[in-house]
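Everything on this sheet refers to the single structure shown next.
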Amino acid sequence: MAERSNVRVAWFNGTFVPESEVRIPFRDLSWVYGDGCFDMTRSFHHKLFKVKEHVDRLYRSLKYLRIDPGFGPERMVALTEELFERNRHLLGPDDDYWVGQRISRGVKEVPGDNLDYHGPNVVLECSPLPLVQRAKLFKEGIRVIVPSHRRTPPESLTPRAKTHNYLNMIVANQEVQSADPEAWAVLLDTNGNLAEGMGSNIFTVRNGEVLTPREKFVLPGVSRQTVIDLARAEGIPVAEADIDLYDSYVADEMFLTSTSLCICPVTKINGVDIGPAGQVWGPITKRLADAYSRYVGYDFVAQYLKRYQEGMQARAF
């Protein structure tokens, strides 16, 4: 049984330490060049979700980048689960964690740097989910704006690896939030079709069919795949497709998936209402969210909406 700490701990290069004691050298190649990758899962009611699937994707990213963390996915899963257990007691009853792994190629060796280790730096971490900050999205829906920046094309750098280099989506997000600070960016690919946002995949619904951009052009999200599998189990037609702005403007419903959100409705794209005016949760989006909650054994929508109601009550005083 791991000894409990009153502060969150991380795993850093072989040792569990308080987060404040994780020290990455400034010549680490992830800091210098963004040369590293990561993955994140979340917990539902203090239980981790699909750790193996996230770790498997992490190791695909590592193979693409040709980084060897020094041990395989089985140990990474076990360490991730142990880290969560060491931090779980710090969660409130209605709180949950993001839990992730971050691996850099290591430290750029410089003569006289006096470092005895230049191999990959590996950090496993827990952080609280932004339930309060994102609660409003589940009540009012997400406003999406498509920025002028296009998603990096696969012939330049595959989006299927979850790397530490997010600048393409960061500058796109800055452009969108300068117009609407609460909007979410979803980028087009270089062919003019919807691609993805920063950590989110997009889906449209029209005439009862669910569509999502092709995997070649996006990070294949674990939450994305969960929704695809649930749609098929529910008998809802679902397919990967090229989706342009016309398709999105005439969609009956639209939603985003991500590790933290799971599934959350989109109400506008570029100022255009999705579906009937005033619609937040379309019938298929709601059906899939309900199926998702049953699948994980926890009502994540209610988890967010509770924070929204608490916020409204606090503002009333």
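Residues in the structure tokens are named by chain (A, B, ... in the order shown) and by number from 1 within that chain; ligands are numbered from 1 in the order shown.
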
Near range 54-61 of chain A, within 8 Å and counting only C-alpha atoms, which residues show up once chain neighbours fewer than 4 positions away are dropped, as a PyMOL selection string? chain A and resi 37-41+50+65+73+76-77+160-163+222

Determine, counting only C-alpha atoms, which protein, DNA and RNA residues have an atom within 8 Å of an atom of range 253-267 of chain A; residues of the same chain fewer than 5 positions away are not included. Present the result as a ChimeraX atom specification. /A:40-42,98,129-130,137-138,140-144,199-206,221-224,248,273-275,279-282,284-285,289,292

Rounded to one decimal in Å, what is the spacing between CA of Ile145 in chain A and CA of Asp247 in chain A?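 Separating CA of Ile145 in chain A from CA of Asp247 in chain A is a distance of 14.8 Å.
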
List the neighbours of Tyr308 in chain A out to 6 Å using only C-alpha atoms; skip same-chain residues closer than 2 positions along the sequence, and give me the result as a CSV table (one decimal) with C-alpha atoms, in the first residue's frame.
chain,number,residue,atom,x,y,z
A,135,ALA,CA,-19.6,23.4,-16.8
A,136,LYS,CA,-21.3,26.2,-18.9
A,305,LEU,CA,-24.2,20.6,-14.7
A,306,LYS,CA,-23.9,20.3,-10.9
A,310,GLU,CA,-23.4,25.8,-8.0
A,311,GLY,CA,-21.8,28.6,-9.9

Quick one: everything within 10 Å of Val17 in chain A, counting only C-alpha atoms, minus sequence neighbours fewer than 6 positions away in the same chain. Send it as a count of residues only. 6

Taking the DSSP secondary structure from the backbone, can you list the residues of range 100-220 of chain A that are helix (DSSP H, G or I), as an MDAnalysis selection string? chainID A and resid 131:140 167:179 215:217

For Gly14 in chain A, list every protein, DNA or RNA residue within 12 Å, evaluated using only C-alpha atoms, and leave out those in the same chain fewer than 4 positions away; present the list as number ranges by chain. A: 10, 22, 69-71, 75-76, 79, 83, 120-124

Determine, counting only C-alpha atoms, which protein, DNA and RNA residues have an atom within 7 Å of an atom of range 167-173 of chain A; residues of the same chain fewer than 4 positions away are not included. Present the result as a list in words.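 So, after excluding close chain neighbours, the residues are Pro147, His149, Arg151, Thr152, Gln177, Ala185, Gly197 and Met198 of chain A.
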
Pick the closest to Arg27 in chain A from A:Phe12, A:Phe84, A:Tyr64, A:Tyr117: which is it, counting only C-alpha atoms?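 Checking each of A:Phe12, A:Phe84, A:Tyr64, A:Tyr117 against Arg27 in chain A, counting only C-alpha atoms, the winner is A:Tyr117.
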
Which of these, A:Lys47, A:Ala239, A:Pro153, A:Ser148, has the shortest distance to Leu187 in chain A once you count only C-alpha atoms? A:Ser148

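Taking only range 205-291 of chain A, the residues that DSSP calls strand (DSSP E or B) from the backbone come to Val205, Arg206, Glu209, Val210, Leu211, Thr212, Val238, Ala239, Glu240, Glu253, Met254, Phe255, Leu256, Thr257, Cys264, Pro265, Val266, Thr267, Lys268, Ile269, Val272 and Asp273 of chain A.
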